[in-house]
file protein37.cif (mmCIF, C-alpha atoms)
data_input
loop_
_atom_site.label_atom_id
_atom_site.label_comp_id
_atom_site.auth_asym_id
_atom_site.auth_seq_id
_atom_site.Cartn_x
_atom_site.Cartn_y
_atom_site.Cartn_z
CA MET A 1 117.55 79.70 102.97
CA ALA A 2 118.22 78.09 99.60
CA GLY A 3 115.32 76.13 98.21
CA LYS A 4 112.73 77.82 100.44
CA GLY A 5 111.08 80.14 97.95
CA ILE A 6 112.17 83.30 96.25
CA SER A 7 115.19 85.10 97.71
CA LYS A 8 114.98 88.66 99.00
CA ARG A 9 117.29 89.75 96.18
CA ARG A 10 115.17 88.15 93.44
CA LEU A 11 111.98 89.50 94.95
CA GLY A 12 113.49 92.98 95.01
CA ARG A 13 114.52 92.70 91.37
CA LEU A 14 111.07 91.43 90.41
CA LEU A 15 109.37 94.30 92.23
CA ALA A 16 111.79 96.77 90.64
CA ALA A 17 110.98 95.33 87.19
CA LEU A 18 107.25 95.73 87.86
CA CYS A 19 107.82 99.35 88.95
CA VAL A 20 109.85 100.03 85.80
CA ILE A 21 107.08 98.51 83.67
CA LEU A 22 104.51 100.71 85.41
CA LEU A 23 106.69 103.80 84.89
CA GLY A 24 107.09 102.93 81.22
CA LEU A 25 103.34 102.51 80.74
CA LEU A 26 102.66 105.78 82.56
CA LEU A 27 105.29 107.59 80.49
CA ARG A 28 103.81 106.21 77.28
CA ARG A 29 100.23 107.10 78.28
CA PHE A 30 100.70 110.45 80.00
CA GLY A 31 104.11 111.74 78.90
CA TYR A 32 102.86 114.13 76.25
CA ASP A 33 99.85 115.16 78.37
CA LEU A 34 102.30 116.19 81.07
CA GLY A 35 104.16 118.33 78.55
CA LEU A 36 107.26 116.16 78.49
CA PRO A 37 109.43 116.63 75.41
CA PHE A 38 109.35 114.05 72.60
CA LEU A 39 112.88 112.82 73.34
CA ILE A 40 111.99 112.10 76.97
CA VAL A 41 108.84 110.20 76.05
CA LYS A 42 110.39 108.31 73.13
CA TYR A 43 113.78 107.42 74.55
CA GLY A 44 112.74 107.45 78.20
CA GLY A 45 110.51 104.51 77.38
CA SER A 46 113.40 102.76 75.64
CA ILE A 47 115.70 103.42 78.60
CA LEU A 48 113.07 101.97 80.93
CA TRP A 49 112.62 98.98 78.60
CA GLY A 50 116.36 98.29 78.77
CA ALA A 51 116.28 98.55 82.57
CA MET A 52 113.36 96.12 82.64
CA VAL A 53 115.26 93.60 80.50
CA PHE A 54 118.24 93.79 82.88
CA LEU A 55 116.05 93.34 85.96
CA ILE A 56 114.24 90.34 84.48
CA VAL A 57 117.53 88.74 83.42
CA ALA A 58 119.00 89.42 86.88
CA CYS A 59 115.91 88.00 88.56
CA LEU A 60 115.99 84.82 86.48
CA ALA A 61 119.77 84.36 86.52
CA GLY A 62 120.21 84.76 90.25
CA LEU A 63 123.73 85.11 91.56
CA ARG A 64 125.77 85.86 88.47
CA ARG A 65 128.54 88.35 87.92
CA PRO A 66 127.15 91.76 86.94
CA ILE A 67 129.05 91.76 83.63
CA VAL A 68 127.30 88.50 82.69
CA LEU A 69 123.89 89.97 83.52
CA VAL A 70 124.64 93.15 81.55
CA THR A 71 125.92 91.20 78.56
CA VAL A 72 122.91 88.87 78.43
CA ALA A 73 120.47 91.78 78.83
CA LEU A 74 122.21 93.76 76.10
CA LEU A 75 122.23 90.77 73.73
CA ILE A 76 118.50 90.25 74.31
CA ALA A 77 117.76 93.94 73.73
CA ILE A 78 119.84 94.02 70.54
CA ALA A 79 118.21 90.82 69.28
CA VAL A 80 114.72 92.24 69.85
CA GLU A 81 115.69 95.47 68.06
CA PHE A 82 117.14 93.60 65.08
CA SER A 83 114.06 91.36 64.97
CA ARG A 84 112.18 94.44 63.76
CA LEU A 85 113.96 94.04 60.45
CA TYR A 86 112.27 90.64 59.98
CA GLN A 87 108.84 91.06 58.44
CA THR A 88 106.02 88.53 58.16
CA PRO A 89 102.28 89.25 57.98
CA ALA A 90 101.63 87.57 61.34
CA LEU A 91 104.53 89.31 63.07
CA ASP A 92 103.59 92.66 61.56
CA ALA A 93 99.98 92.18 62.71
CA PHE A 94 101.21 91.43 66.24
CA ARG A 95 103.44 94.52 66.19
CA LEU A 96 100.33 96.65 65.57
CA THR A 97 98.76 95.47 68.84
CA LEU A 98 99.52 97.18 72.15
CA ALA A 99 101.37 94.10 73.39
CA GLY A 100 103.37 93.96 70.16
CA LYS A 101 104.28 97.64 70.36
CA LEU A 102 105.39 97.32 73.98
CA LEU A 103 107.28 94.03 73.66
CA LEU A 104 108.76 94.17 70.16
CA GLY A 105 108.29 97.69 68.86
CA ARG A 106 107.70 98.41 65.21
CA VAL A 107 110.59 100.33 63.63
CA PHE A 108 114.30 99.45 63.81
CA SER A 109 116.52 102.19 65.26
CA LEU A 110 120.14 102.20 66.35
CA TRP A 111 119.18 105.01 68.75
CA ASN A 112 116.94 102.53 70.58
CA ILE A 113 119.93 100.24 71.12
CA LEU A 114 121.81 103.14 72.70
CA ALA A 115 118.81 103.91 74.91
CA TYR A 116 118.54 100.23 75.93
CA ALA A 117 122.25 100.20 76.79
CA ILE A 118 121.79 103.29 78.97
CA GLY A 119 118.83 101.69 80.75
CA ILE A 120 120.72 98.45 81.27
CA ALA A 121 123.74 100.32 82.64
CA LEU A 122 121.61 102.42 85.01
CA ALA A 123 119.76 99.36 86.28
CA ALA A 124 123.03 97.45 86.73
CA VAL A 125 124.58 100.29 88.73
CA ALA A 126 121.46 100.63 90.90
CA ASP A 127 121.37 96.84 91.41
CA ALA A 128 125.05 96.77 92.39
CA MET A 129 124.59 99.66 94.83
CA LEU A 130 121.56 98.02 96.44
CA THR A 131 123.36 94.68 96.62
CA ARG A 132 126.32 96.35 98.34
CA VAL A 133 124.02 98.10 100.84
CA ASP A 134 122.22 94.81 101.51
CA ARG A 135 125.54 93.01 102.13
CA ASP A 136 126.69 95.73 104.53
CA GLN A 137 123.62 95.31 106.75
#

call {"tool": "encode", "arguments": {"input": "protein37.cif", "output": "C-alpha cells"}}
result
Amino acid sequence: MAGKGISKRRLGRLLAALCVILLGLLLRRFGYDLGLPFLIVKYGGSILWGAMVFLIVACLAGLRRPIVLVTVALLIAIAVEFSRLYQTPALDAFRLTLAGKLLLGRVFSLWNILAYAIGIALAAVADAMLTRVDRDQ
C-alpha cells in the first residue's frame, strides 16, 4: 500500500501524539486544580513533551530502527532545552506567549532533559509493543 496515503502505523503515531498533546494541555491547565503535586504537574508535562517529540519523529521518519528514532528525538529535546540559554528580545518575547511556553519553555533545567528522556523511552517502549502486536495480527 506504499504511496497510497498515510500508513496505519503513521496514523496511529500521529493520533497518539495528538492525545499526548491533549493530555499535556489538560495537565497544565487542570493539574493543580485536581490537587496533583507540583512534581507531577511540572515534570509530568515534560515527560509528555518528550513522548510527543518521539511520536512526531517516529511519524515523520517512518520505518526506522527504534534506536535511531530515540536518538533523534533525544537530540531534538536536548537542543530545545539548551536553546533556552540563548537570549534575544524577540525570542524572549515569544517565550512569554502560550505557544512559546509550550514549545520552547522559558528556563533551562537539566531535570527537564531527564524528564524528556523518560518520556521518549516510555513512548518508544509503547510504540515497540504496539508495533509487535500489529505484526502478530

call {"tool": "axis_aligned_box", "arguments": {"input": "protein37.cif", "around": "region 91-105 of chain A", "padding_each_side": "3 Å", "output": "JSON"}}
result
{"center_x": 103.8, "center_y": 93.5, "center_z": 67.8, "size_x": 16.0, "size_y": 14.4, "size_z": 18.4}

call {"tool": "atom_distance", "arguments": {"input": "protein37.cif", "atom1": "CA of Ile56 (chain A)", "atom2": "CA of Ala17 (chain A)"}}
result
6.5 Å

call {"tool": "resolve_selection", "arguments": {"input": "protein37.cif", "expression": "the PyMOL selection byres ((chain A and resi 49) around 8)", "output": "JSON, numbers by chain"}}
result
{"A": [20, 21, 24, 45, 46, 47, 48, 50, 51, 52, 53, 116, 119]}

call {"tool": "write_last_selection", "arguments": {"input": "protein37.cif", "atoms": "C-alpha atoms", "output": "PDB file, in the coordinates of the input"}}
result
ATOM      1  CA  VAL A  20     109.850 100.030  85.800  1.00  0.00           C
ATOM      2  CA  ILE A  21     107.080  98.510  83.670  1.00  0.00           C
ATOM      3  CA  GLY A  24     107.090 102.930  81.220  1.00  0.00           C
ATOM      4  CA  GLY A  45     110.510 104.510  77.380  1.00  0.00           C
ATOM      5  CA  SER A  46     113.400 102.760  75.640  1.00  0.00           C
ATOM      6  CA  ILE A  47     115.700 103.420  78.600  1.00  0.00           C
ATOM      7  CA  LEU A  48     113.070 101.970  80.930  1.00  0.00           C
ATOM      8  CA  GLY A  50     116.360  98.290  78.770  1.00  0.00           C
ATOM      9  CA  ALA A  51     116.280  98.550  82.570  1.00  0.00           C
ATOM     10  CA  MET A  52     113.360  96.120  82.640  1.00  0.00           C
ATOM     11  CA  VAL A  53     115.260  93.600  80.500  1.00  0.00           C
ATOM     12  CA  TYR A 116     118.540 100.230  75.930  1.00  0.00           C
ATOM     13  CA  GLY A 119     118.830 101.690  80.750  1.00  0.00           C
TER      14      GLY A 119
END

call {"tool": "closest_residue", "arguments": {"input": "protein37.cif", "among": "A:Leu34, A:Leu74, A:Leu14, A:Leu96", "to": "Leu114 (chain A)", "atoms": "only C-alpha atoms"}}
result
A:Leu74

call {"tool": "closest_residue", "arguments": {"input": "protein37.cif", "among": "A:Val57, A:Ile118, A:Ala99, A:Ile40", "to": "Ala73 (chain A)", "atoms": "only C-alpha atoms"}}
result
A:Val57

call {"tool": "residues_around", "arguments": {"input": "protein37.cif", "residues": "Phe108 (chain A)", "least_positions_apart": "2", "cutoff": "12 Å", "atoms": "only C-alpha atoms", "output": "PyMOL selection string"}}
result
chain A and resi 77-87+104-106+110-113

call {"tool": "write_last_selection", "arguments": {"input": "protein37.cif", "atoms": "C-alpha atoms", "output": "CSV table (one decimal), keeping the file's coordinate frame"}}
result
chain,number,residue,atom,x,y,z
A,77,ALA,CA,117.8,93.9,73.7
A,78,ILE,CA,119.8,94.0,70.5
A,79,ALA,CA,118.2,90.8,69.3
A,80,VAL,CA,114.7,92.2,69.8
A,81,GLU,CA,115.7,95.5,68.1
A,82,PHE,CA,117.1,93.6,65.1
A,83,SER,CA,114.1,91.4,65.0
A,84,ARG,CA,112.2,94.4,63.8
A,85,LEU,CA,114.0,94.0,60.4
A,86,TYR,CA,112.3,90.6,60.0
A,87,GLN,CA,108.8,91.1,58.4
A,104,LEU,CA,108.8,94.2,70.2
A,105,GLY,CA,108.3,97.7,68.9
A,106,ARG,CA,107.7,98.4,65.2
A,110,LEU,CA,120.1,102.2,66.4
A,111,TRP,CA,119.2,105.0,68.8
A,112,ASN,CA,116.9,102.5,70.6
A,113,ILE,CA,119.9,100.2,71.1

call {"tool": "closest_residue", "arguments": {"input": "protein37.cif", "among": "A:Phe94, A:Leu102, A:Arg10, A:Leu130", "to": "Arg64 (chain A)", "atoms": "all atoms listed in the file"}}
result
A:Arg10

call {"tool": "atom_distance", "arguments": {"input": "protein37.cif", "atom1": "CA of Leu11 (chain A)", "atom2": "CA of Pro66 (chain A)"}}
result
17.3 Å

call {"tool": "resolve_selection", "arguments": {"input": "protein37.cif", "expression": "the PyMOL selection byres ((chain A and resi 69) around 12)", "output": "number ranges by chain"}}
result
A: 51, 53-68, 70-76, 120-121, 123-125, 127-128

call {"tool": "atom_distance", "arguments": {"input": "protein37.cif", "atom1": "CA of Ser109 (chain A)", "atom2": "CA of Gly44 (chain A)"}}
result
14.5 Å

call {"tool": "decode", "arguments": {"input": "protein37.cif", "residues": "region 32-132 of chain A", "atoms": "C-alpha atoms", "output": "tab-separated table (two decimals), in the first residue's frame"}}
result
chain	number	residue	atom	x	y	z
A	32	TYR	CA	-3.17	21.88	40.33
A	33	ASP	CA	-6.98	22.21	40.43
A	34	LEU	CA	-7.15	18.42	40.65
A	35	GLY	CA	-4.78	18.52	43.61
A	36	LEU	CA	-1.89	16.89	41.78
A	37	PRO	CA	1.50	17.51	43.37
A	38	PHE	CA	3.89	20.07	41.86
A	39	LEU	CA	6.34	17.40	40.67
A	40	ILE	CA	3.61	15.58	38.74
A	41	VAL	CA	2.38	18.76	37.06
A	42	LYS	CA	5.85	20.15	36.33
A	43	TYR	CA	7.68	17.03	35.23
A	44	GLY	CA	4.62	15.15	34.00
A	45	GLY	CA	4.29	17.84	31.36
A	46	SER	CA	7.96	17.46	30.46
A	47	ILE	CA	7.61	13.67	30.25
A	48	LEU	CA	4.61	14.10	27.96
A	49	TRP	CA	6.54	16.66	25.87
A	50	GLY	CA	9.35	14.14	25.40
A	51	ALA	CA	6.85	11.46	24.39
A	52	MET	CA	5.31	13.88	21.90
A	53	VAL	CA	8.71	14.61	20.35
A	54	PHE	CA	9.35	10.88	19.92
A	55	LEU	CA	5.94	10.28	18.35
A	56	ILE	CA	6.34	13.15	15.90
A	57	VAL	CA	9.83	12.00	14.94
A	58	ALA	CA	8.56	8.42	14.54
A	59	CYS	CA	5.62	9.61	12.45
A	60	LEU	CA	7.84	11.67	10.15
A	61	ALA	CA	10.70	9.17	9.94
A	62	GLY	CA	8.58	6.16	9.11
A	63	LEU	CA	10.25	2.77	9.22
A	64	ARG	CA	13.47	3.42	11.07
A	65	ARG	CA	15.18	1.43	13.77
A	66	PRO	CA	13.87	2.38	17.22
A	67	ILE	CA	17.34	3.42	18.42
A	68	VAL	CA	17.51	5.94	15.55
A	69	LEU	CA	14.10	7.37	16.46
A	70	VAL	CA	15.04	7.60	20.15
A	71	THR	CA	18.38	9.25	19.37
A	72	VAL	CA	16.87	11.84	17.03
A	73	ALA	CA	14.06	12.63	19.50
A	74	LEU	CA	16.52	12.98	22.36
A	75	LEU	CA	18.81	15.24	20.33
A	76	ILE	CA	15.85	17.47	19.42
A	77	ALA	CA	14.69	17.64	23.05
A	78	ILE	CA	18.20	18.46	24.29
A	79	ALA	CA	18.64	21.11	21.59
A	80	VAL	CA	15.35	22.78	22.53
A	81	GLU	CA	16.33	22.74	26.22
A	82	PHE	CA	19.75	24.24	25.53
A	83	SER	CA	18.16	26.86	23.26
A	84	ARG	CA	16.72	28.36	26.44
A	85	LEU	CA	20.21	29.58	27.26
A	86	TYR	CA	20.17	31.74	24.12
A	87	GLN	CA	18.51	35.07	24.81
A	88	THR	CA	17.30	37.69	22.34
A	89	PRO	CA	14.48	40.21	22.85
A	90	ALA	CA	12.34	38.62	20.12
A	91	LEU	CA	12.92	35.07	21.37
A	92	ASP	CA	12.28	36.11	24.97
A	93	ALA	CA	9.05	37.84	23.92
A	94	PHE	CA	7.93	34.65	22.13
A	95	ARG	CA	8.78	32.55	25.19
A	96	LEU	CA	6.32	34.67	27.21
A	97	THR	CA	3.43	33.66	24.93
A	98	LEU	CA	1.46	30.47	25.50
A	99	ALA	CA	2.86	28.95	22.30
A	100	GLY	CA	6.39	29.91	23.35
A	101	LYS	CA	5.95	28.41	26.81
A	102	LEU	CA	4.58	25.16	25.39
A	103	LEU	CA	7.04	24.77	22.51
A	104	LEU	CA	10.28	26.21	23.88
A	105	GLY	CA	9.81	26.74	27.59
A	106	ARG	CA	11.48	29.57	29.44
A	107	VAL	CA	14.07	28.34	31.94
A	108	PHE	CA	16.91	25.88	31.29
A	109	SER	CA	16.90	22.79	33.52
A	110	LEU	CA	18.86	19.56	33.40
A	111	TRP	CA	15.91	17.95	35.20
A	112	ASN	CA	13.79	18.68	32.13
A	113	ILE	CA	16.24	16.74	29.97
A	114	LEU	CA	15.86	13.76	32.30
A	115	ALA	CA	12.07	14.07	32.11
A	116	TYR	CA	12.21	14.28	28.30
A	117	ALA	CA	14.39	11.16	28.21
A	118	ILE	CA	11.88	9.30	30.38
A	119	GLY	CA	9.01	10.38	28.10
A	120	ILE	CA	10.94	9.39	24.99
A	121	ALA	CA	11.79	6.00	26.49
A	122	LEU	CA	8.19	5.34	27.57
A	123	ALA	CA	6.85	6.32	24.15
A	124	ALA	CA	9.47	4.17	22.40
A	125	VAL	CA	8.60	1.13	24.52
A	126	ALA	CA	4.87	1.64	23.92
A	127	ASP	CA	5.49	2.10	20.19
A	128	ALA	CA	7.59	-1.07	20.02
A	129	MET	CA	4.95	-3.06	21.91
A	130	LEU	CA	2.16	-1.81	19.65
A	131	THR	CA	4.26	-2.49	16.55
A	132	ARG	CA	4.90	-6.05	17.74
